[in-house]
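Student: Got a structure for you, questions after.
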Amino acid sequence: MTINLPKVYITFGLDESWVDCTNSVKIHGSGEEIARKISAEIKDELGVTVSIGVSWNKIFAKYGSDYKKPDAITVITRDNYKNIVWEQEAGDLLYVGRSTQKKLLKYGIYTIGQLAESNLDFLVQIFGKMGTVLWRFANGLDDSPVKSFDEHYNGNERLIKSIGNSITTPRDLTNLKDVKIIIYMLTESVAMRLRETGCYCQTVAIHIRNKELHSFTRQMKLQKPSDLTNEIARAAIDLFVRNYDFSSDIRSMGVRVTDLVPDSTPIQLDLFGNEELRVRQARLDDTVDGLKKRFGNLAVRRAVTIDDPMGCLDAKKDHVIYPISYF
């Protein structure tokens, strides 16, 4: 795009980002005017429409981008946010998923406005620290800054701290086979993004939430930095097997890689390892990446996913990138 708009931004998903226009209004006009310029230029150059939310905080800007589709601009201000946001279902607020909404309904909290006007201590009692987050989001009190995706530390260190993907599954996971399907699906998406950013990971983490909404996170260090799908998936499966006993079915899962380093980082070879196999695996991953980019993310599937409808889920659509922790 040729328009010289603010460069400070952060991606929240593959097809969206926040833009901080605070220091640009004198040049490009109000936030709404800037949004219209962005919308017009994308439509002119790419032939696609976008929906944009404009607000004084990231949460309401995100909400505005989903409020009207397609090809719409929604401006949410301190004067009108109660009329636009508070009247909507609590499930429309960022981070209020299906299970959280169900729990809110149990306590008679149906709208974002009711969530905003709820007793904060009561929400903390129900949701823990997340109760405070949801209360602040509903009240438009999010003050987290927009940070650049491509800033560098010391001139060459990437700002990306981790890459992850999570999903609330269409049905509860009841056995290890179910879990492996989801882990491979998530890992393929995460590893592909890892290779696209030119990084290796040194730590693999999983996040589990069961149907009682109890959740936990476990992580482990890899023996050597890696961007290989199989190595990351095996680590995730090992973490799961060592830390979960299926005392309750699983509602959602996440796989995340952290401690990222550039893929130019020298790696100590293992005298007793099979480095030739790792090279072949890297070539295979690159080939699969190319096929998916050309024919779609479901063009190549693992055998473990063939016999189950969940194998047709496209994790890339729900891909989440964590350049900096949101909180």
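By convention in this document, the chains of the structure tokens carry letters A, B, ... by their order, each chain's residues are numbered from 1, and ligands are numbered from 1 in the order they are shown.
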Just the residues within 7 Å of Ser226 (chain A), please, counting only C-alpha atoms, with nothing from its chain fewer than 4 positions along; format it as a list in words.
Tutor: Tyr200, Cys201 and Gln202 of chain A
Student: Just the selected residues (N, CA, C and O atoms), exported as a CSV table (one decimal), in the first residue's frame, please.
Tutor:
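Output (part33.csv):
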chain,number,residue,atom,x,y,z
A,200,TYR,N,13.7,-20.8,15.1
A,200,TYR,CA,13.6,-22.1,15.8
A,200,TYR,C,13.0,-21.8,17.1
A,200,TYR,O,13.1,-20.7,17.7
A,201,CYS,N,12.4,-22.8,17.7
A,201,CYS,CA,11.9,-22.7,19.1
A,201,CYS,C,12.7,-23.6,19.9
A,201,CYS,O,13.3,-24.6,19.5
A,202,GLN,N,12.8,-23.2,21.2
A,202,GLN,CA,13.6,-24.0,22.2
A,202,GLN,C,12.7,-24.6,23.3
A,202,GLN,O,13.1,-25.5,24.0
Student: Taking the backbone alone, and naming residues the way the document does, which bits of region 124-244 of chain A are strand (DSSP E) by DSSP, as an MDAnalysis selection string?
Tutor: chainID A and resid 152:153 157:158 162:173 199:210 215:226
Student: In terms of the shortest atom-to-atom distance over only C-alpha atoms, which of A:Gly128, A:Glu212, A:Val146, A:Asp286 is closest to Leu194 (chain A)?
Tutor: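 The shortest atom-to-atom distance to Leu194 (chain A) comes from A:Asp286.
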Student: Give me the residues near region 117-120 of chain A as a PyMOL selection string, where near means some atom within 8 Å (using only C-alpha atoms) and where sequence neighbours in that chain fewer than 6 positions away do not count.
Tutor: chain A and resi 131-132+135
Student: Taking only C-alpha atoms into account, name the residue in A:Ala138, A:Met130, A:Cys21, A:Leu239 that is nearest to Tyr63 (chain A).
Tutor: A:Ala138
Student: CA of Val48 (chain A) to CA of Asp71 (chain A): how many Å, to one decimal?
Tutor: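 Going from CA of Val48 (chain A) over to CA of Asp71 (chain A) covers 8.7 Å.
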Student: For region 262-271 of chain A, list every protein, DNA or RNA residue within 9 Å, evaluated using only C-alpha atoms, and leave out those in the same chain fewer than 2 positions away; present the list as a count of residues only.
Tutor: 16
